[in-house]
>>> print(open('start-v9.txt').read())   # compact mmCIF, C-alpha atoms
# COMPACT_ATOMS: atom_id res chain seq x y z
CA MET A 1 -17.59 23.30 -27.99
CA GLU A 2 -15.16 20.63 -29.17
CA LEU A 3 -11.82 19.47 -27.86
CA ARG A 4 -10.09 20.85 -30.95
CA HIS A 5 -11.28 24.36 -30.00
CA LEU A 6 -9.64 23.95 -26.60
CA ARG A 7 -6.44 22.67 -28.23
CA TYR A 8 -6.37 25.70 -30.54
CA PHE A 9 -6.99 28.01 -27.59
CA ALA A 10 -4.24 26.37 -25.47
CA ALA A 11 -1.79 26.67 -28.35
CA VAL A 12 -2.37 30.42 -28.66
CA VAL A 13 -1.87 30.85 -24.90
CA ASP A 14 1.31 28.76 -24.94
CA GLU A 15 2.78 30.49 -27.99
CA GLY A 16 1.59 34.00 -27.12
CA SER A 17 0.86 34.60 -30.78
CA PHE A 18 -1.79 33.59 -33.30
CA SER A 19 0.77 33.26 -36.08
CA ARG A 20 3.13 31.01 -34.09
CA ALA A 21 0.23 28.92 -32.83
CA ALA A 22 -1.03 28.49 -36.38
CA ASP A 23 2.40 27.24 -37.42
CA VAL A 24 2.47 24.74 -34.55
CA LEU A 25 -1.07 23.54 -35.35
CA HIS A 26 -0.38 23.40 -39.11
CA ILE A 27 -3.40 25.53 -39.99
CA THR A 28 -3.73 29.00 -41.44
CA GLN A 29 -3.93 32.02 -39.16
CA PRO A 30 -7.38 33.11 -40.48
CA ALA A 31 -8.74 29.62 -39.77
CA LEU A 32 -7.32 29.72 -36.25
CA SER A 33 -8.82 33.16 -35.62
CA ARG A 34 -12.25 31.88 -36.71
CA GLN A 35 -12.04 28.96 -34.31
CA ILE A 36 -11.08 31.24 -31.41
CA ARG A 37 -13.96 33.62 -32.22
CA TYR A 38 -16.32 30.64 -32.21
CA LEU A 39 -14.98 29.59 -28.80
CA GLU A 40 -15.40 33.10 -27.44
CA ARG A 41 -19.05 33.06 -28.55
CA GLU A 42 -19.52 29.68 -26.88
CA VAL A 43 -18.13 30.80 -23.51
CA GLY A 44 -19.57 34.32 -23.76
CA ALA A 45 -16.32 36.12 -22.99
CA GLN A 46 -13.34 37.65 -24.74
CA LEU A 47 -10.34 35.35 -24.32
CA PHE A 48 -7.54 37.44 -25.82
CA GLU A 49 -6.58 41.08 -26.09
CA ARG A 50 -4.89 41.74 -29.44
CA SER A 51 -2.55 44.71 -29.87
CA ALA A 52 0.45 45.77 -31.90
CA SER A 53 2.72 44.45 -29.16
CA GLY A 54 1.24 40.95 -29.22
CA THR A 55 -1.55 38.77 -27.91
CA LYS A 56 -2.38 38.77 -24.20
CA VAL A 57 -4.78 36.37 -22.50
CA THR A 58 -7.64 38.02 -20.56
CA ASP A 59 -8.71 37.08 -17.03
CA ALA A 60 -11.52 35.01 -18.51
CA GLY A 61 -9.02 33.38 -20.85
CA ALA A 62 -6.67 32.56 -17.98
CA ALA A 63 -9.51 30.90 -16.09
CA LEU A 64 -10.51 28.88 -19.14
CA HIS A 65 -6.90 27.90 -19.82
CA HIS A 66 -6.65 26.08 -16.48
CA HIS A 67 -9.80 24.05 -17.13
CA ALA A 68 -8.84 23.45 -20.76
CA LEU A 69 -5.54 21.86 -19.74
CA VAL A 70 -7.34 19.56 -17.28
CA LEU A 71 -9.82 18.48 -19.96
CA LEU A 72 -7.10 17.93 -22.57
CA ARG A 73 -5.02 15.84 -20.19
CA LEU A 74 -8.06 13.73 -19.33
CA ALA A 75 -8.77 13.25 -23.01
CA ASP A 76 -5.20 12.18 -23.70
CA ALA A 77 -5.23 9.83 -20.70
CA THR A 78 -8.48 8.29 -21.93
CA LYS A 79 -6.95 7.52 -25.31
CA GLU A 80 -3.92 5.96 -23.64
CA MET A 81 -6.14 3.86 -21.35
CA VAL A 82 -8.14 2.54 -24.31
CA HIS A 83 -4.93 1.81 -26.24
CA THR A 84 -3.54 -0.12 -23.26
CA ALA A 85 -6.77 -2.06 -22.81
CA THR A 86 -6.90 -3.11 -26.45
CA GLY A 87 -3.20 -3.83 -26.83
CA ALA A 88 -0.54 -5.48 -24.73
CA ALA A 89 -0.59 -4.18 -21.17
CA SER A 90 2.63 -2.58 -19.97
CA GLU A 91 4.43 -3.83 -16.88
CA ALA A 92 6.39 -1.36 -14.78
CA VAL A 93 10.07 -2.18 -14.33
CA HIS A 94 12.01 0.09 -11.95
CA VAL A 95 15.74 0.23 -12.69
CA GLY A 96 18.40 1.83 -10.52
CA ILE A 97 21.30 3.59 -12.23
CA PRO A 98 24.51 5.05 -10.77
CA GLN A 99 26.10 8.32 -11.68
CA GLY A 100 28.80 8.15 -14.33
CA LEU A 101 26.90 6.13 -16.94
CA THR A 102 26.83 7.91 -20.27
CA ALA A 103 23.58 9.14 -21.76
CA GLU A 104 24.55 7.39 -24.99
CA TRP A 105 24.66 3.97 -23.32
CA LEU A 106 21.40 4.50 -21.46
CA LEU A 107 19.61 5.69 -24.59
CA ARG A 108 20.97 2.72 -26.52
CA LEU A 109 19.65 0.45 -23.77
CA LEU A 110 16.22 2.09 -23.85
CA ALA A 111 16.04 1.71 -27.64
CA ALA A 112 16.88 -1.99 -27.35
CA LEU A 113 14.28 -2.49 -24.61
CA ARG A 114 11.56 -0.78 -26.63
CA THR A 115 12.30 -3.15 -29.49
CA ASP A 116 12.86 -6.40 -27.58
CA VAL A 117 10.66 -5.90 -24.49
CA PRO A 118 7.93 -3.47 -25.65
CA HIS A 119 5.60 -4.44 -22.80
CA ALA A 120 8.11 -3.18 -20.20
CA ALA A 121 7.48 0.36 -18.93
CA ILE A 122 10.95 1.43 -17.75
CA THR A 123 11.57 4.02 -15.05
CA PHE A 124 15.04 5.00 -13.83
CA THR A 125 16.07 5.92 -10.28
CA GLU A 126 19.52 7.50 -9.96
CA THR A 127 21.22 6.60 -6.70
CA GLY A 128 24.34 4.95 -5.31
CA SER A 129 25.13 1.26 -5.24
CA ALA A 130 24.49 0.73 -1.53
CA ASP A 131 21.08 2.37 -1.76
CA GLN A 132 20.21 0.35 -4.86
CA LEU A 133 21.08 -2.95 -3.21
CA ASP A 134 18.93 -2.08 -0.19
CA MET A 135 16.05 -1.06 -2.46
CA LEU A 136 16.33 -4.35 -4.38
CA ARG A 137 16.06 -6.35 -1.16
CA GLU A 138 13.11 -4.23 -0.02
CA GLY A 139 11.30 -4.64 -3.32
CA ARG A 140 11.49 -0.94 -4.24
CA LEU A 141 13.65 -1.65 -7.31
CA ASP A 142 13.41 -4.47 -9.84
CA LEU A 143 16.93 -4.13 -11.25
CA GLY A 144 20.02 -2.26 -10.17
CA ILE A 145 23.09 -1.21 -12.15
CA VAL A 146 25.69 -1.08 -9.40
CA ARG A 147 29.42 -0.50 -8.92
CA GLU A 148 30.09 -3.62 -6.83
CA GLN A 149 29.52 -7.35 -7.15
CA PRO A 150 26.13 -8.22 -5.60
CA SER A 151 26.03 -10.58 -2.65
CA ALA A 152 24.72 -14.14 -2.95
CA ASP A 153 21.12 -13.23 -2.04
CA LEU A 154 20.80 -11.39 -5.38
CA THR A 155 21.36 -12.50 -8.94
CA GLY A 156 24.32 -10.64 -10.42
CA LYS A 157 25.82 -10.31 -13.87
CA HIS A 158 28.99 -8.44 -14.73
CA LEU A 159 28.37 -5.78 -17.37
CA PHE A 160 31.64 -3.97 -18.09
CA ASP A 161 34.77 -2.41 -16.61
CA VAL A 162 35.91 1.16 -17.20
CA PRO A 163 39.51 2.08 -16.31
CA PHE A 164 40.30 4.80 -13.84
CA GLY A 165 42.67 7.60 -14.66
CA ILE A 166 43.88 10.86 -13.18
CA ALA A 167 42.43 14.27 -13.96
CA VAL A 168 45.29 16.73 -13.42
CA ARG A 169 45.05 20.38 -12.53
CA PRO A 170 45.81 22.55 -15.59
CA GLY A 171 49.48 23.47 -15.75
CA HIS A 172 50.62 20.64 -13.48
CA HIS A 173 53.71 18.79 -14.69
CA LEU A 174 51.82 15.44 -14.81
CA ALA A 175 49.52 16.81 -17.49
CA ALA A 176 52.22 16.33 -20.14
CA GLN A 177 52.58 12.60 -19.46
CA PRO A 178 50.79 9.99 -21.67
CA ALA A 179 49.97 7.88 -18.60
CA CYS A 180 50.31 7.99 -14.84
CA HIS A 181 51.87 5.50 -12.44
CA LEU A 182 51.19 5.51 -8.71
CA ARG A 183 54.79 6.46 -8.02
CA ASP A 184 54.14 9.65 -10.05
CA LEU A 185 51.59 10.68 -7.41
CA ASP A 186 54.12 10.61 -4.57
CA GLY A 187 53.56 13.69 -2.42
CA ILE A 188 50.70 14.97 -4.62
CA ARG A 189 47.31 15.81 -3.11
CA THR A 190 44.96 13.35 -4.82
CA LEU A 191 41.18 13.23 -4.46
CA ALA A 192 39.45 9.84 -4.85
CA HIS A 193 36.02 8.37 -4.26
CA GLY A 194 35.52 6.90 -0.82
CA ARG A 195 34.06 3.55 0.17
CA GLY A 196 30.48 4.81 -0.01
CA GLN A 197 30.70 5.24 -3.78
CA VAL A 198 33.34 2.78 -4.99
CA PRO A 199 33.69 0.01 -2.38
CA THR A 200 37.20 -1.31 -1.58
CA VAL A 201 39.05 0.98 -4.01
CA ASP A 202 40.24 3.37 -1.30
CA ASP A 203 41.87 0.68 0.87
CA HIS A 204 43.51 -1.21 -1.98
CA LEU A 205 44.61 1.91 -3.82
CA ALA A 206 46.41 3.11 -0.70
CA LEU A 207 47.98 -0.34 -0.27
CA ALA A 208 49.10 -0.47 -3.91
CA ALA A 209 50.68 2.97 -3.55
CA HIS A 210 52.54 1.85 -0.42
CA GLU A 211 53.84 -1.24 -2.21
CA ALA A 212 55.01 0.98 -5.08
CA GLY A 213 56.96 3.10 -2.61
CA ALA A 214 54.74 6.13 -3.17
CA ALA A 215 52.94 8.23 -0.62
CA PRO A 216 50.26 10.31 -2.35
CA LEU A 217 48.38 12.71 -0.09
CA TRP A 218 45.04 10.90 -0.42
CA HIS A 219 41.74 12.60 0.22
CA PHE A 220 38.89 10.07 0.08
CA ALA A 221 35.47 11.66 -0.16
CA GLN A 222 32.01 11.17 -1.59
CA PHE A 223 31.49 13.46 -4.58
CA SER A 224 29.68 13.42 -7.90
CA GLU A 225 28.46 16.63 -9.54
CA HIS A 226 30.78 18.88 -7.52
CA ALA A 227 34.13 17.24 -8.19
CA LEU A 228 35.73 20.59 -9.00
CA ALA A 229 34.57 22.20 -5.76
CA CYS A 230 35.76 19.18 -3.76
CA ALA A 231 39.14 19.32 -5.48
CA GLU A 232 39.48 23.01 -4.72
CA ALA A 233 38.40 22.50 -1.10
CA THR A 234 41.08 19.86 -0.54
CA HIS A 235 43.70 21.70 -2.66
CA ALA A 236 43.98 18.54 -4.77
CA ASP A 237 46.14 18.62 -7.90
CA ALA A 238 44.88 15.23 -9.12
CA VAL A 239 41.48 13.50 -9.04
CA LEU A 240 40.95 9.78 -9.59
CA LEU A 241 38.03 9.41 -12.05
CA ILE A 242 36.91 7.50 -15.11
CA GLU A 243 37.41 9.46 -18.31
CA HIS A 244 33.74 10.22 -18.99
CA SER A 245 33.24 11.73 -15.53
CA ALA A 246 36.47 13.70 -15.75
CA ARG A 247 35.51 15.26 -19.10
CA ARG A 248 32.11 16.22 -17.75
CA LEU A 249 32.95 17.33 -14.21
CA LEU A 250 36.45 18.75 -14.62
CA PRO A 251 36.54 20.51 -17.99
CA GLY A 252 39.98 21.84 -18.71
CA TRP A 253 41.70 19.30 -16.43
CA PRO A 254 43.71 16.90 -18.65
CA TRP A 255 42.84 13.23 -18.04
CA ILE A 256 45.53 10.56 -18.31
CA PRO A 257 45.07 6.82 -17.75
CA LEU A 258 46.36 5.21 -14.58
CA ALA A 259 48.75 2.63 -16.01
CA GLU A 260 50.18 1.01 -12.89
CA PRO A 261 48.39 -0.53 -11.21
CA GLY A 262 45.48 -0.63 -13.62
CA ILE A 263 42.28 -0.19 -11.62
CA ALA A 264 38.83 -0.28 -13.17
CA LEU A 265 35.36 0.73 -12.13
CA SER A 266 33.42 -2.51 -12.35
CA THR A 267 29.71 -2.34 -13.21
CA TRP A 268 27.23 -5.10 -12.42
CA LEU A 269 23.54 -5.78 -12.95
CA ALA A 270 21.66 -7.07 -9.90
CA TRP A 271 18.11 -8.34 -9.42
CA PRO A 272 16.19 -10.60 -7.00
CA PRO A 273 16.25 -14.33 -7.83
CA ASN A 274 12.43 -14.55 -7.79
CA ALA A 275 11.94 -11.67 -10.25
CA ARG A 276 8.99 -11.43 -12.63
CA GLN A 277 9.40 -12.68 -16.18
CA VAL A 278 9.47 -9.14 -17.58
CA VAL A 279 12.33 -8.26 -15.20
CA SER A 280 14.31 -11.25 -16.40
CA GLU A 281 13.70 -10.17 -20.01
CA VAL A 282 14.91 -6.63 -19.27
CA ALA A 283 17.98 -8.10 -17.53
CA GLN A 284 18.82 -10.21 -20.59
CA VAL A 285 18.61 -7.21 -22.93
CA THR A 286 20.71 -5.09 -20.54
CA VAL A 287 23.45 -7.72 -20.44
CA ALA A 288 23.38 -8.01 -24.23
CA CYS A 289 23.61 -4.23 -24.56
CA SER A 290 26.64 -4.14 -22.28
CA ALA A 291 28.49 -6.44 -24.67
CA LEU A 292 28.63 -3.50 -27.08
CA GLY A 293 30.66 -1.48 -24.57
CA SER A 294 29.96 1.04 -21.85
CA GLY A 295 29.64 4.05 -24.11
CA THR A 296 32.46 5.80 -22.29
CA GLY A 297 35.05 5.46 -25.01
CA ALA A 298 36.77 2.84 -22.89
CA GLY A 299 35.63 0.17 -25.27
CA ASP A 300 35.01 -3.43 -24.25
CA HIS A 301 33.53 -4.75 -21.05
CA THR A 302 36.72 -6.70 -20.33
CA ILE A 303 40.03 -4.87 -20.10
CA PRO A 304 43.19 -7.01 -20.09
CA GLY A 305 45.61 -6.24 -17.29
CA VAL A 306 43.13 -4.12 -15.37
CA VAL A 307 42.20 -4.94 -11.79
CA THR A 308 38.50 -4.43 -11.13
CA SER A 309 36.89 -3.44 -7.87
CA ALA A 310 35.44 -6.96 -7.64
CA VAL A 311 38.94 -8.45 -7.78
CA LEU A 312 40.22 -5.92 -5.28
CA SER A 313 37.60 -7.00 -2.77
CA ARG A 314 38.87 -10.60 -2.61
>>> encode(input="start-v9.txt", output="structure tokens")
Amino acid sequence: MELRHLRYFAAVVDEGSFSRAADVLHITQPALSRQIRYLEREVGAQLFERSASGTKVTDAGAALHHHALVLLRLADATKEMVHTATGAASEAVHVGIPQGLTAEWLLRLLAALRTDVPHAAITFTETGSADQLDMLREGRLDLGIVREQPSADLTGKHLFDVPFGIAVRPGHHLAAQPACHLRDLDGIRTLAHGRGQVPTVDDHLALAAHEAGAAPLWHFAQFSEHALACAEATHADAVLLIEHSARRLLPGWPWIPLAEPGIALSTWLAWPPNARQVVSEVAQVTVACSALGSGTGAGDHTIPGVVTSAVLSR
């Protein structure tokens, strides 16, 4: 019995058909059938029941399938171990990411890291900024992409700013405007991220509205995937979000930029000052990748006339 026989057998089980398995394996169906018959002779049991309705694995075949998968995984792991031993060893780098980053930007970052830091084995952990900063200090993360400026005990580098805007309930009169000012939100129920997700924005947004002579009916809450449900629960007609999140979480709600005051979601990279060399290399590539933009459609990492959360915290 050879490993290729087990691979052929596993393919037939996975595909539920000799013809489809043959296509996947890039061999002819008669050749595949011969290999399976050979395997059945080796194990002394019928592995498949063939009928007009399809191919069904027998009890003996089901038992063999479990062991075959274990053996194939061990074989693949052995090849990887030998490859690692003979080539450059990979170093694990654990990176924290917040919600709201686009898949395009993250994939672009991964592609750059594979080219420029091929010995770094990247893993992502999706969690909020406060959790990331704690995990960095505890040594459970190597790098964190966070929504606030890191404190002095961590190395921090500004990546980019993305402007906030207002997602408006369909049919609301604000939806027809090209931009929104805080005075336009006077008396309107408006949902916004609370301090736990975007530090300092809630306090300073309320202050800016007061100075503009507007009194929006603010509802500050922690929300991510369920923005629509949170908006419905609070009867909000407007939700403060970046454009990418609004398009994804509130489809059908028109998004308009918040023009006055301009407030941006500021994104930073943070890592411990005594980080390993590979972590510093990953940090350098991440910063360089951010210079190409955030991938949100907002464009550059600096936005003239926009107040960032870092500035708001001063």
>>> closest_atom_pairs(input="start-v9.txt", of="range 103-167 of chain A", to="range 233-238 of chain A", cutoff="12 Å", atoms="only C-alpha atoms", output="JSON lines")
{"residue": "A:Gly165", "atom": "CA", "partner": "A:Ala238", "partner_atom": "CA", "distance": 9.7}
{"residue": "A:Ile166", "atom": "CA", "partner": "A:Ala238", "partner_atom": "CA", "distance": 6.0}
{"residue": "A:Ala167", "atom": "CA", "partner": "A:Ala238", "partner_atom": "CA", "distance": 5.5}
>>> residues_near_point(input="start-v9.txt", point="(29.5, 0.2, -14.4)", cutoff="6 Å", atoms="all atoms listed in the file", output="mmCIF file with C-alpha atoms, in the coordinates of the input")
data_model
loop_
_atom_site.group_PDB
_atom_site.id
_atom_site.type_symbol
_atom_site.label_atom_id
_atom_site.label_comp_id
_atom_site.auth_asym_id
_atom_site.auth_seq_id
_atom_site.Cartn_x
_atom_site.Cartn_y
_atom_site.Cartn_z
ATOM 1 C CA ARG A 147 29.420 -0.500 -8.920
ATOM 2 C CA PHE A 160 31.640 -3.970 -18.090
ATOM 3 C CA SER A 266 33.420 -2.510 -12.350
ATOM 4 C CA THR A 267 29.710 -2.340 -13.210
#
>>> residues_around(input="start-v9.txt", residues="Gly61 in chain A", least_positions_apart="4", cutoff="7 Å", atoms="all atoms listed in the file", output="ChimeraX atom specification")
/A:47-48,57,65
>>> atom_distance(input="start-v9.txt", atom1="CA of His219 in chain A", atom2="CA of Thr102 in chain A")
25.8 Å
>>> closest_residue(input="start-v9.txt", among="A:Pro272, A:Pro98, A:Pro254, A:Pro30", to="Ala176 in chain A", atoms="all atoms listed in the file")
A:Pro254
>>> residues_around(input="start-v9.txt", residues="Leu249 in chain A", least_positions_apart="5", cutoff="8 Å", atoms="all atoms listed in the file", output="list of chain:residue names")
A:Glu225, A:His226, A:Ala227, A:Leu228
>>> residues_around(input="start-v9.txt", residues="range 149-158 of chain A", least_positions_apart="5", cutoff="6 Å", atoms="all atoms listed in the file", output="PDB file with C-alpha atoms, keeping the file's coordinate frame")
ATOM      1  CA  TRP A 268      27.230  -5.100 -12.420  1.00  0.00           C
ATOM      2  CA  LEU A 269      23.540  -5.780 -12.950  1.00  0.00           C
ATOM      3  CA  ALA A 270      21.660  -7.070  -9.900  1.00  0.00           C
ATOM      4  CA  TRP A 271      18.110  -8.340  -9.420  1.00  0.00           C
ATOM      5  CA  PRO A 272      16.190 -10.600  -7.000  1.00  0.00           C
ATOM      6  CA  PRO A 273      16.250 -14.330  -7.830  1.00  0.00           C
ATOM      7  CA  ALA A 310      35.440  -6.960  -7.640  1.00  0.00           C
TER       8      ALA A 310
END
>>> atom_distance(input="start-v9.txt", atom1="CA of Gly54 in chain A", atom2="CA of Glu15 in chain A")
10.6 Å
>>> closest_residue(input="start-v9.txt", among="A:Arg20, A:His26, A:Gly128, A:His5", to="Val43 in chain A", atoms="all atoms listed in the file")
A:His5
>>> atom_distance(input="start-v9.txt", atom1="CA of Val93 in chain A", atom2="CA of Ala130 in chain A")
19.5 Å
>>> closest_residue(input="start-v9.txt", among="A:Trp218, A:Trp253, A:Trp105, A:Tyr8", to="Arg34 in chain A", atoms="all atoms listed in the file")
A:Tyr8
>>> closest_atom_pairs(input="start-v9.txt", of="range 247-298 of chain A", to="range 113-124 of chain A", cutoff="8 Å", atoms="only C-alpha atoms", output="JSON lines")
{"residue": "A:Val278", "atom": "CA", "partner": "A:Ala120", "partner_atom": "CA", "distance": 6.7}
{"residue": "A:Glu281", "atom": "CA", "partner": "A:Val117", "partner_atom": "CA", "distance": 6.9}
{"residue": "A:Val282", "atom": "CA", "partner": "A:Val117", "partner_atom": "CA", "distance": 6.8}
{"residue": "A:Val285", "atom": "CA", "partner": "A:Leu113", "partner_atom": "CA", "distance": 6.6}
>>> closest_residue(input="start-v9.txt", among="A:His67, A:Arg137, A:Arg276, A:Arg169", to="Ala246 in chain A", atoms="only C-alpha atoms")
A:Arg169
>>> residues_around(input="start-v9.txt", residues="Val95 in chain A", least_positions_apart="6", cutoff="12 Å", atoms="only C-alpha atoms", output="PyMOL selection string")
chain A and resi 106+109-110+120-127+132-133+135-136+139-146+269-271+279+282-283+286
>>> closest_residue(input="start-v9.txt", among="A:Ala264, A:Leu107, A:Ile27, A:Ala10", to="Arg73 in chain A", atoms="only C-alpha atoms")
A:Ala10
>>> build_atoms(input="start-v9.txt", residues="range 161-170 of chain A", atoms="all heavy atoms", output="mmCIF file, in the coordinates of the input")
data_model
loop_
_atom_site.group_PDB
_atom_site.id
_atom_site.type_symbol
_atom_site.label_atom_id
_atom_site.label_comp_id
_atom_site.auth_asym_id
_atom_site.auth_seq_id
_atom_site.Cartn_x
_atom_site.Cartn_y
_atom_site.Cartn_z
ATOM 1 N N ASP A 161 33.783 -3.113 -17.428
ATOM 2 C CA ASP A 161 34.770 -2.410 -16.610
ATOM 3 C C ASP A 161 35.204 -1.154 -17.358
ATOM 4 O O ASP A 161 35.358 -1.178 -18.577
ATOM 5 C CB ASP A 161 36.000 -3.267 -16.337
ATOM 6 C CG ASP A 161 35.671 -4.513 -15.537
ATOM 7 O OD1 ASP A 161 34.746 -4.470 -14.714
ATOM 8 O OD2 ASP A 161 36.351 -5.526 -15.764
ATOM 9 N N VAL A 162 35.412 -0.089 -16.622
ATOM 10 C CA VAL A 162 35.910 1.160 -17.200
ATOM 11 C C VAL A 162 37.143 1.578 -16.400
ATOM 12 O O VAL A 162 37.066 1.697 -15.176
ATOM 13 C CB VAL A 162 34.847 2.271 -17.151
ATOM 14 C CG1 VAL A 162 35.384 3.540 -17.797
ATOM 15 C CG2 VAL A 162 33.569 1.821 -17.848
ATOM 16 N N PRO A 163 38.291 1.790 -17.048
ATOM 17 C CA PRO A 163 39.510 2.080 -16.310
ATOM 18 C C PRO A 163 39.506 3.469 -15.670
ATOM 19 O O PRO A 163 38.981 4.423 -16.230
ATOM 20 C CB PRO A 163 40.601 1.985 -17.384
ATOM 21 C CG PRO A 163 39.891 2.270 -18.666
ATOM 22 C CD PRO A 163 38.518 1.709 -18.505
ATOM 23 N N PHE A 164 40.088 3.519 -14.490
ATOM 24 C CA PHE A 164 40.300 4.800 -13.840
ATOM 25 C C PHE A 164 41.515 5.506 -14.447
ATOM 26 O O PHE A 164 42.407 4.884 -15.020
ATOM 27 C CB PHE A 164 40.563 4.603 -12.342
ATOM 28 C CG PHE A 164 39.331 4.439 -11.508
ATOM 29 C CD1 PHE A 164 39.024 3.222 -10.924
ATOM 30 C CD2 PHE A 164 38.479 5.507 -11.297
ATOM 31 C CE1 PHE A 164 37.907 3.069 -10.142
ATOM 32 C CE2 PHE A 164 37.344 5.368 -10.518
ATOM 33 C CZ PHE A 164 37.057 4.138 -9.930
ATOM 34 N N GLY A 165 41.513 6.805 -14.289
ATOM 35 C CA GLY A 165 42.670 7.600 -14.660
ATOM 36 C C GLY A 165 42.760 8.783 -13.711
ATOM 37 O O GLY A 165 42.033 8.867 -12.713
ATOM 38 N N ILE A 166 43.641 9.695 -14.030
ATOM 39 C CA ILE A 166 43.880 10.860 -13.180
ATOM 40 C C ILE A 166 43.566 12.128 -13.968
ATOM 41 O O ILE A 166 44.119 12.353 -15.050
ATOM 42 C CB ILE A 166 45.349 10.897 -12.702
ATOM 43 C CG1 ILE A 166 45.671 9.655 -11.862
ATOM 44 C CG2 ILE A 166 45.616 12.166 -11.905
ATOM 45 C CD1 ILE A 166 44.924 9.592 -10.540
ATOM 46 N N ALA A 167 42.651 12.927 -13.425
ATOM 47 C CA ALA A 167 42.430 14.270 -13.960
ATOM 48 C C ALA A 167 43.396 15.207 -13.230
ATOM 49 O O ALA A 167 43.402 15.251 -11.989
ATOM 50 C CB ALA A 167 40.987 14.711 -13.750
ATOM 51 N N VAL A 168 44.197 15.937 -13.993
ATOM 52 C CA VAL A 168 45.290 16.730 -13.420
ATOM 53 C C VAL A 168 44.983 18.209 -13.553
ATOM 54 O O VAL A 168 44.501 18.671 -14.594
ATOM 55 C CB VAL A 168 46.624 16.391 -14.111
ATOM 56 C CG1 VAL A 168 47.763 17.154 -13.465
ATOM 57 C CG2 VAL A 168 46.878 14.890 -14.073
ATOM 58 N N ARG A 169 45.272 18.936 -12.504
ATOM 59 C CA ARG A 169 45.050 20.380 -12.530
ATOM 60 C C ARG A 169 45.795 21.009 -13.711
ATOM 61 O O ARG A 169 46.958 20.665 -13.977
ATOM 62 C CB ARG A 169 45.532 21.008 -11.219
ATOM 63 C CG ARG A 169 45.267 22.508 -11.100
ATOM 64 C CD ARG A 169 45.743 23.023 -9.763
ATOM 65 N NE ARG A 169 44.962 22.466 -8.667
ATOM 66 C CZ ARG A 169 43.782 22.936 -8.259
ATOM 67 N NH1 ARG A 169 43.254 23.991 -8.881
ATOM 68 N NH2 ARG A 169 43.131 22.373 -7.260
ATOM 69 N N PRO A 170 45.150 21.911 -14.443
ATOM 70 C CA PRO A 170 45.810 22.550 -15.590
ATOM 71 C C PRO A 170 47.142 23.180 -15.199
ATOM 72 O O PRO A 170 47.246 23.851 -14.168
ATOM 73 C CB PRO A 170 44.791 23.604 -16.034
ATOM 74 C CG PRO A 170 43.474 23.085 -15.549
ATOM 75 C CD PRO A 170 43.759 22.376 -14.260
#
